[in-house]
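Printed here is data-v3.cif (mmCIF, C-alpha atoms and all ligand atoms):
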data_query
loop_
_atom_site.label_atom_id
_atom_site.label_comp_id
_atom_site.auth_asym_id
_atom_site.auth_seq_id
_atom_site.Cartn_x
_atom_site.Cartn_y
_atom_site.Cartn_z
CA MET A 1 4.01 -23.24 -3.21
CA PRO A 2 1.09 -20.86 -3.86
CA SER A 3 1.50 -17.11 -3.66
CA PHE A 4 0.55 -15.21 -0.52
CA SER A 5 -0.80 -11.66 -0.54
CA VAL A 6 -1.25 -9.14 2.29
CA SER A 7 -2.53 -5.54 2.42
CA VAL A 8 -2.15 -3.09 5.28
CA PRO A 9 -3.50 0.46 5.77
CA GLY A 10 -1.79 3.82 6.07
CA LYS A 11 -2.33 5.93 9.20
CA THR A 12 -2.73 9.43 10.47
CA ILE A 13 -1.87 10.84 13.87
CA LEU A 14 -4.84 12.84 15.21
CA PHE A 15 -3.07 14.07 18.36
CA GLY A 16 0.37 13.93 19.93
CA GLU A 17 3.12 13.47 17.32
CA HIS A 18 6.62 14.34 18.60
CA ALA A 19 5.42 14.39 22.23
CA VAL A 20 4.84 10.64 21.85
CA VAL A 21 8.58 10.14 21.29
CA TYR A 22 9.13 11.49 24.85
CA GLY A 23 6.57 9.23 26.53
CA TYR A 24 3.46 11.44 26.28
CA PRO A 25 0.20 9.96 24.94
CA ALA A 26 -0.92 10.22 21.32
CA ILE A 27 -3.87 9.13 19.19
CA ALA A 28 -3.65 7.60 15.72
CA VAL A 29 -6.16 6.00 13.37
CA PRO A 30 -5.63 3.60 10.46
CA LEU A 31 -6.46 4.86 6.96
CA ASN A 32 -7.87 1.95 5.00
CA SER A 33 -8.51 3.99 1.87
CA ILE A 34 -4.77 3.96 1.22
CA LYS A 35 -3.00 0.60 1.24
CA LEU A 36 0.34 -1.13 0.84
CA ASN A 37 0.22 -4.60 -0.69
CA ILE A 38 2.88 -7.31 -0.78
CA LYS A 39 2.57 -10.51 -2.79
CA ILE A 40 5.04 -13.31 -2.18
CA SER A 41 5.62 -16.31 -4.40
CA ALA A 42 8.31 -18.96 -4.73
CA ARG A 43 11.03 -18.77 -7.41
CA PRO A 44 11.57 -22.48 -7.99
CA THR A 45 14.32 -22.12 -10.60
CA ASP A 46 16.35 -19.41 -8.82
CA SER A 47 18.22 -19.23 -5.57
CA ASP A 48 17.98 -15.56 -4.53
CA ILE A 49 15.21 -13.29 -3.24
CA GLN A 50 13.89 -10.88 -5.87
CA ILE A 51 12.13 -7.64 -4.90
CA ILE A 52 9.88 -5.88 -7.39
CA ASN A 53 8.51 -2.51 -6.30
CA LYS A 54 6.20 -1.19 -9.00
CA ASN A 55 5.89 2.29 -7.48
CA ARG A 56 9.65 2.82 -7.49
CA GLY A 57 10.32 0.95 -10.74
CA GLU A 58 12.65 -1.43 -8.85
CA ASN A 59 13.54 -4.99 -9.79
CA LEU A 60 16.32 -6.03 -7.39
CA LEU A 61 18.08 -9.13 -6.14
CA LEU A 62 18.75 -9.28 -2.41
CA LYS A 63 22.36 -10.40 -2.96
CA ASP A 64 23.11 -7.14 -4.83
CA LEU A 65 21.93 -4.84 -2.01
CA ASN A 66 24.28 -3.19 0.45
CA PRO A 67 23.88 -4.26 4.10
CA GLU A 68 22.13 -0.98 5.08
CA HIS A 69 19.50 -1.16 2.35
CA ILE A 70 16.03 -1.12 3.90
CA TYR A 71 14.94 -4.27 2.01
CA LYS A 72 18.01 -6.11 3.30
CA THR A 73 17.70 -4.95 6.93
CA ALA A 74 13.96 -5.66 6.93
CA ILE A 75 14.33 -9.19 5.50
CA ASP A 76 17.25 -9.97 7.88
CA THR A 77 15.21 -8.72 10.86
CA ILE A 78 12.24 -10.93 9.94
CA GLN A 79 14.47 -13.93 9.27
CA ASN A 80 16.18 -13.55 12.68
CA ALA A 81 12.90 -13.01 14.53
CA LEU A 82 11.38 -16.15 12.96
CA HIS A 83 14.58 -18.13 13.65
CA VAL A 84 14.67 -19.46 10.12
CA GLY A 85 18.22 -20.26 9.00
CA LYS A 86 17.86 -19.10 5.40
CA LEU A 87 14.79 -17.98 3.54
CA PRO A 88 13.88 -19.85 0.36
CA ALA A 89 14.11 -18.07 -3.00
CA LEU A 90 11.12 -15.74 -3.08
CA GLN A 91 9.70 -13.10 -5.32
CA ILE A 92 8.44 -10.15 -3.23
CA GLY A 93 6.11 -7.82 -5.16
CA ILE A 94 5.38 -4.46 -3.50
CA SER A 95 2.71 -1.98 -4.58
CA SER A 96 1.24 0.91 -2.64
CA THR A 97 -1.16 3.82 -2.72
CA ILE A 98 0.29 5.29 0.50
CA PRO A 99 2.37 8.34 -0.48
CA ILE A 100 5.98 8.03 0.68
CA VAL A 101 7.66 10.39 3.18
CA SER A 102 4.38 12.23 3.75
CA GLY A 103 3.46 11.39 7.34
CA LEU A 104 0.91 8.73 6.36
CA GLY A 105 2.83 5.71 7.57
CA SER A 106 4.37 4.27 4.39
CA SER A 107 7.53 3.02 6.10
CA ALA A 108 5.64 1.39 8.99
CA ALA A 109 3.16 -0.10 6.51
CA PHE A 110 6.08 -1.65 4.63
CA ALA A 111 7.53 -3.08 7.87
CA VAL A 112 4.19 -4.54 9.01
CA CYS A 113 3.19 -5.84 5.59
CA LEU A 114 6.52 -7.52 4.87
CA THR A 115 6.47 -9.19 8.30
CA LYS A 116 2.93 -10.47 7.71
CA ALA A 117 3.71 -11.58 4.17
CA ILE A 118 6.94 -13.49 4.83
CA SER A 119 5.71 -15.08 8.07
CA GLY A 120 2.36 -15.99 6.48
CA PHE A 121 4.00 -17.43 3.36
CA LEU A 122 6.23 -19.64 5.53
CA GLY A 123 3.21 -20.87 7.52
CA PHE A 124 3.82 -18.95 10.77
CA LYS A 125 0.62 -17.84 12.49
CA LEU A 126 1.80 -14.69 14.26
CA ASN A 127 -0.64 -12.57 16.23
CA ASN A 128 -0.76 -8.76 15.96
CA GLU A 129 1.49 -8.32 18.97
CA GLN A 130 4.20 -10.52 17.43
CA ILE A 131 3.88 -8.81 14.03
CA ASN A 132 4.10 -5.42 15.73
CA GLU A 133 7.22 -6.36 17.68
CA ILE A 134 9.10 -7.37 14.52
CA ALA A 135 7.83 -4.35 12.55
CA TYR A 136 9.08 -2.04 15.32
CA LYS A 137 12.59 -3.52 14.98
CA ILE A 138 12.48 -2.79 11.24
CA GLU A 139 11.28 0.77 11.95
CA ILE A 140 14.32 1.31 14.20
CA TYR A 141 16.57 0.80 11.14
CA GLN A 142 14.61 3.44 9.24
CA HIS A 143 14.00 6.07 11.91
CA GLY A 144 16.53 5.62 14.72
CA SER A 145 14.30 5.82 17.78
CA PRO A 146 10.65 5.74 16.68
CA SER A 147 7.95 5.90 19.33
CA GLY A 148 6.27 2.81 17.83
CA ILE A 149 2.88 4.49 17.28
CA ASP A 150 2.95 3.99 13.47
CA ASN A 151 3.72 0.27 13.43
CA THR A 152 1.23 -0.32 16.28
CA VAL A 153 -1.78 1.39 14.67
CA ILE A 154 -1.04 -0.35 11.37
CA SER A 155 -0.41 -3.80 12.91
CA TYR A 156 -3.71 -3.77 14.80
CA ASN A 157 -5.68 -1.68 12.24
CA LYS A 158 -7.69 -0.01 15.01
CA PRO A 159 -7.96 3.56 16.39
CA LEU A 160 -5.23 3.73 18.98
CA TYR A 161 -4.40 5.60 22.18
CA PHE A 162 -0.66 5.08 22.52
CA LYS A 163 2.00 5.65 25.15
CA LYS A 164 5.53 4.45 24.47
CA GLY A 165 6.42 1.44 26.62
CA PHE A 166 2.79 0.63 27.52
CA PRO A 167 0.49 -1.97 25.94
CA PRO A 168 -1.68 -0.43 23.19
CA SER A 169 -5.14 0.76 24.12
CA PHE A 170 -7.87 0.84 21.46
CA LEU A 171 -10.58 3.47 21.15
CA GLU A 172 -14.32 2.94 20.82
CA ILE A 173 -15.21 5.85 18.57
CA LYS A 174 -18.85 6.81 19.31
CA SER A 175 -19.76 9.01 16.34
CA PRO A 176 -18.31 8.46 12.89
CA ILE A 177 -15.66 11.07 12.17
CA THR A 178 -15.04 12.53 8.75
CA LEU A 179 -11.44 13.46 8.08
CA ILE A 180 -9.80 15.26 5.21
CA ILE A 181 -6.16 14.57 4.47
CA ALA A 182 -4.37 17.09 2.25
CA ASP A 183 -0.81 16.96 0.96
CA THR A 184 1.65 19.86 0.74
CA GLY A 185 3.60 17.83 -1.84
CA ILE A 186 6.77 18.41 0.20
CA HIS A 187 8.59 15.35 1.51
CA ALA A 188 8.65 15.08 5.31
CA ASN A 189 11.85 13.54 6.67
CA THR A 190 10.85 12.04 10.02
CA LYS A 191 14.38 11.18 11.17
CA GLU A 192 15.64 14.73 10.52
CA THR A 193 12.64 16.50 12.09
CA VAL A 194 12.70 14.29 15.20
CA ALA A 195 16.44 15.06 15.50
CA ASP A 196 15.77 18.82 15.12
CA VAL A 197 13.22 18.73 17.94
CA LYS A 198 15.75 16.91 20.13
CA LYS A 199 18.43 19.52 19.35
CA ASN A 200 16.08 22.44 20.10
CA MET A 201 14.98 20.75 23.30
CA GLN A 202 18.58 20.67 24.52
CA ILE A 203 18.77 24.45 23.95
CA ASN A 204 15.53 25.24 25.82
CA PRO A 205 14.51 22.20 27.88
CA GLU A 206 12.00 24.00 30.18
CA MET A 207 9.98 25.47 27.33
CA PHE A 208 10.00 22.23 25.31
CA LYS A 209 8.93 20.19 28.33
CA ILE A 210 5.91 22.46 28.80
CA LEU A 211 4.98 22.23 25.11
CA LEU A 212 5.27 18.43 25.04
CA GLU A 213 3.27 18.12 28.26
CA GLU A 214 0.53 20.33 26.82
CA ILE A 215 0.41 18.20 23.67
CA GLY A 216 0.10 15.08 25.84
CA ASN A 217 -2.74 16.69 27.83
CA LEU A 218 -4.58 17.45 24.58
CA ALA A 219 -4.33 13.78 23.56
CA ASP A 220 -5.81 12.72 26.91
CA TYR A 221 -8.64 15.22 26.57
CA ALA A 222 -9.21 14.19 22.94
CA LYS A 223 -9.54 10.54 23.98
CA ILE A 224 -12.51 11.44 26.21
CA ASN A 225 -14.11 13.49 23.43
CA LEU A 226 -13.60 10.79 20.81
CA GLU A 227 -15.31 8.36 23.14
CA ASN A 228 -18.14 10.85 23.82
CA GLY A 229 -18.43 11.79 20.15
CA ASP A 230 -17.96 15.52 20.74
CA LEU A 231 -16.61 16.48 17.32
CA GLU A 232 -16.66 20.26 17.88
CA THR A 233 -14.43 19.97 20.92
CA LEU A 234 -12.19 17.54 19.03
CA GLY A 235 -11.82 20.10 16.27
CA LYS A 236 -10.79 22.80 18.75
CA LEU A 237 -8.28 20.45 20.38
CA MET A 238 -6.82 19.63 16.99
CA SER A 239 -6.26 23.30 16.20
CA GLU A 240 -4.68 23.82 19.64
CA ASN A 241 -2.39 20.89 18.89
CA GLN A 242 -1.37 22.65 15.66
CA SER A 243 -0.36 25.85 17.53
CA LEU A 244 1.77 23.77 19.88
CA LEU A 245 3.40 22.01 16.91
CA GLN A 246 4.13 25.43 15.40
CA LYS A 247 5.85 26.41 18.66
CA LEU A 248 7.86 23.17 18.54
CA GLY A 249 9.09 24.39 15.14
CA VAL A 250 7.80 21.47 13.05
CA SER A 251 5.20 23.25 10.95
CA ASN A 252 6.03 25.35 7.87
CA ASP A 253 4.30 27.93 5.64
CA GLU A 254 2.76 25.31 3.35
CA LEU A 255 1.28 23.29 6.24
CA ASP A 256 0.04 26.45 7.99
CA HIS A 257 -1.54 27.59 4.73
CA LEU A 258 -3.46 24.31 4.19
CA VAL A 259 -4.59 24.33 7.85
CA ASP A 260 -5.79 27.89 7.35
CA VAL A 261 -7.68 27.03 4.14
CA ALA A 262 -9.38 24.04 5.82
CA LEU A 263 -10.51 26.21 8.76
CA ARG A 264 -11.62 29.09 6.54
CA TYR A 265 -13.84 26.73 4.54
CA GLY A 266 -15.47 25.30 7.65
CA ALA A 267 -13.32 22.49 9.11
CA LEU A 268 -13.91 21.93 12.85
CA GLY A 269 -10.16 21.75 13.38
CA ALA A 270 -6.96 21.01 11.49
CA LYS A 271 -3.30 20.28 12.08
CA LEU A 272 -0.23 18.82 10.43
CA CYS A 273 0.08 15.05 10.82
CA GLY A 274 3.26 13.03 11.23
CA SER A 275 6.67 14.59 11.65
CA GLY A 276 5.85 17.86 9.86
CA LYS A 277 7.98 20.34 7.83
CA GLY A 278 6.10 18.89 4.87
CA GLY A 279 3.76 15.98 4.30
CA ASN A 280 0.05 16.18 5.03
CA ILE A 281 -2.49 17.97 7.17
CA VAL A 282 -5.51 16.29 8.72
CA ALA A 283 -8.80 18.14 9.32
CA ILE A 284 -11.94 17.07 11.18
CA VAL A 285 -14.95 18.18 9.17
CA GLU A 286 -18.72 17.86 9.13
CA ASN A 287 -19.92 15.46 6.49
CA LEU A 288 -21.91 18.14 4.68
CA ASN A 289 -18.86 20.41 4.23
CA ALA A 290 -16.39 17.70 3.29
CA GLU A 291 -16.56 18.02 -0.51
CA SER A 292 -16.40 21.84 -0.51
CA ILE A 293 -13.42 21.87 1.89
CA LYS A 294 -11.68 19.26 -0.25
CA SER A 295 -12.10 21.35 -3.42
CA ALA A 296 -10.95 24.50 -1.61
CA LEU A 297 -7.79 22.68 -0.50
CA LEU A 298 -7.12 21.42 -4.03
CA LYS A 299 -7.66 24.91 -5.47
CA ASN A 300 -5.39 26.45 -2.84
CA GLY A 301 -2.18 24.44 -3.07
CA ALA A 302 -2.86 20.87 -1.90
CA THR A 303 -1.19 18.47 -4.34
CA ASN A 304 -3.53 15.67 -3.28
CA CYS A 305 -6.52 15.45 -0.99
CA PHE A 306 -8.95 12.77 0.12
CA ILE A 307 -11.95 12.40 2.41
CA THR A 308 -12.11 9.43 4.73
CA LYS A 309 -14.43 8.30 7.54
CA ILE A 310 -13.60 6.53 10.77
CA SER A 311 -16.71 4.68 11.87
CA VAL A 312 -18.31 3.71 15.18
CA ASN A 313 -17.12 0.12 15.01
CA CYS A 314 -13.50 1.19 14.68
CA LYS A 315 -13.29 0.63 10.92
CA GLU A 316 -12.75 3.26 8.28
CA LEU A 317 -15.65 3.50 5.84
O1 LIG B 401 6.06 11.21 9.90
P1 LIG B 401 5.62 9.90 10.41
O2 LIG B 401 4.40 9.37 9.76
O3 LIG B 401 6.75 8.87 10.36
O4 LIG B 401 5.20 10.07 11.95
C1 LIG B 401 6.19 10.46 12.88
C2 LIG B 401 5.60 10.66 14.25
C3 LIG B 401 6.62 11.19 15.26
O5 LIG B 401 5.93 11.34 16.49
C4 LIG B 401 7.15 12.55 14.83
C5 LIG B 401 7.81 10.25 15.44
C6 LIG B 401 7.49 8.96 16.18
O6 LIG B 401 8.37 8.08 16.17
O7 LIG B 401 6.42 8.84 16.81
#

Show the structure stored in the file as structure tokens.
Ligand code: PMV
Amino acid sequence: MPSFSVSVPGKTILFGEHAVVYGYPAIAVPLNSIKLNIKISARPTDSDIQIINKNRGENLLLKDLNPEHIYKTAIDTIQNALHVGKLPALQIGISSTIPIVSGLGSSAAFAVCLTKAISGFLGFKLNNEQINEIAYKIEIYQHGSPSGIDNTVISYNKPLYFKKGFPPSFLEIKSPITLIIADTGIHANTKETVADVKKNMQINPEMFKILLEEIGNLADYAKINLENGDLETLGKLMSENQSLLQKLGVSNDELDHLVDVALRYGALGAKLCGSGKGGNIVAIVENLNAESIKSALLKNGATNCFITKISVNCKEL
């Protein structure tokens, strides 16, 4: 059997993280300049599945993994969803340029990519909806109760307006938008931060409900402005979203500092992206300023930083 190779993008949430877990709308875009790749080939002389992850220096056999290991739960989930009794002996090679635990969708990218790779290798022709459904089940093992925004934007690879429990809606972005993504270098633990928000919400439900509602309203307003191509307004909305995330308690000094640097050097707006308490910020910038903002971020604490463009026809440039 020949080998089968699949790549999927990372993602960033432009508006609405955390509120999206509680049913409010959010907006995410795929990031095609960072990718996760999986290559599958048969192991004719062996009987077990072998997983090689170059980034983590792993060379593992499925039979040696404990039942909770993410590779095991992911492969079992795909096997059950495809109704295949037992998978043949495969070699699964994973490589990625998406930083892990940084709010850029590495775990969802793994779930989507593995689903595409195994199903494709076995000859299944799943559509994006079917891929997304399986990837969401894998995400549940990793995150507990994810909203589903990450696996959806990565499965479809299109700018997404998302509300939990509703079919995905895709955005026609009028003007190309230039984004800068900058890393605090601190790992962001989504499961823990989502649980912290839930705990704090039980202490002060009225205040948290108002904050989440306001975040949802910003996402709705941002959708209109993305479609109209009003980048200045989008920038302002992004910065408003950041103040609400601060009030939710999911920002930290390092994220606030990078947001501040981006704004000081001319970004139209900036906020943390993903679960927060670490990970990355995203800033909307004018093309002309992009390089100077990027170098300011790198000089002022960002451990990594890249410029990316989301284009009119829904593809990243
Ligand atoms: O940190 P990430 O990239 O896994 O994004 C999490 C987004 C949250 O809204 C905080 C959680 C979710 O399930 O949507």

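In this model, the gap between atom CA of Lys309 of chain A and atom CA of Asn37 of chain A comes to 21.2 Å.
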
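Across the model, the gap from atom CA of Ala26 of chain A to atom CA of Glu214 of chain A is 11.6 Å.
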
Enumerate residues in contact with ligand LIG 401 (chain B): an atom-to-atom distance of at most 7 Å, counting only C-alpha atoms and all ligand atoms. Format the result as a count of residues only. 22

Tell me, as a short mmCIF file (atom, residue, chain, number, x, y, z; two decimals) with C-alpha atoms, keeping the file's coordinate frame, which residues lie within 12 Å of Asn32 of chain A, counting only C-alpha atoms; anything in the same chain fewer than 6 positions away does not count.
data_model
loop_
_atom_site.label_atom_id
_atom_site.label_comp_id
_atom_site.auth_asym_id
_atom_site.auth_seq_id
_atom_site.Cartn_x
_atom_site.Cartn_y
_atom_site.Cartn_z
CA SER A 7 -2.53 -5.54 2.42
CA VAL A 8 -2.15 -3.09 5.28
CA PRO A 9 -3.50 0.46 5.77
CA GLY A 10 -1.79 3.82 6.07
CA LYS A 11 -2.33 5.93 9.20
CA THR A 12 -2.73 9.43 10.47
CA SER A 96 1.24 0.91 -2.64
CA THR A 97 -1.16 3.82 -2.72
CA ILE A 98 0.29 5.29 0.50
CA LEU A 104 0.91 8.73 6.36
CA GLY A 105 2.83 5.71 7.57
CA ALA A 109 3.16 -0.10 6.51
CA VAL A 153 -1.78 1.39 14.67
CA ILE A 154 -1.04 -0.35 11.37
CA ASN A 157 -5.68 -1.68 12.24
CA LYS A 158 -7.69 -0.01 15.01
CA PRO A 159 -7.96 3.56 16.39
CA PHE A 306 -8.95 12.77 0.12
CA ILE A 307 -11.95 12.40 2.41
CA THR A 308 -12.11 9.43 4.73
CA LYS A 309 -14.43 8.30 7.54
CA ILE A 310 -13.60 6.53 10.77
CA SER A 311 -16.71 4.68 11.87
CA CYS A 314 -13.50 1.19 14.68
CA LYS A 315 -13.29 0.63 10.92
CA GLU A 316 -12.75 3.26 8.28
CA LEU A 317 -15.65 3.50 5.84
#

Write out as JSON, numbers by chain the residues lying within 9 Å of segment 176-184 of chain A, counting only C-alpha atoms and excluding same-chain residues fewer than 2 positions away. {"A": [12, 102, 173, 174, 186, 187, 226, 229, 231, 254, 255, 258, 262, 267, 270, 273, 278, 279, 280, 281, 282, 283, 284, 285, 286, 287, 290, 293, 294, 297, 298, 301, 302, 303, 304, 305, 306, 307, 308, 309, 310, 311, 312, 313, 314, 316]}

List the spatial neighbours of Glu227 of chain A as a ChimeraX atom specification - criterion: any atom at most 9 Å away, only C-alpha atoms, same-chain residues fewer than 2 positions off excluded. /A:171-175,222-225,229-230

Point out the residue among A:Tyr265, A:Leu36, A:Gln79, A:Asn66 with the least atom-to-atom distance to Asn53 of chain A, counting only C-alpha atoms. A:Leu36

Restricting to all atoms listed in the file, whichever of A:Lys116, A:Lys137, A:Arg43, A:Lys35 is closest to Ala74 of chain A is A:Lys137
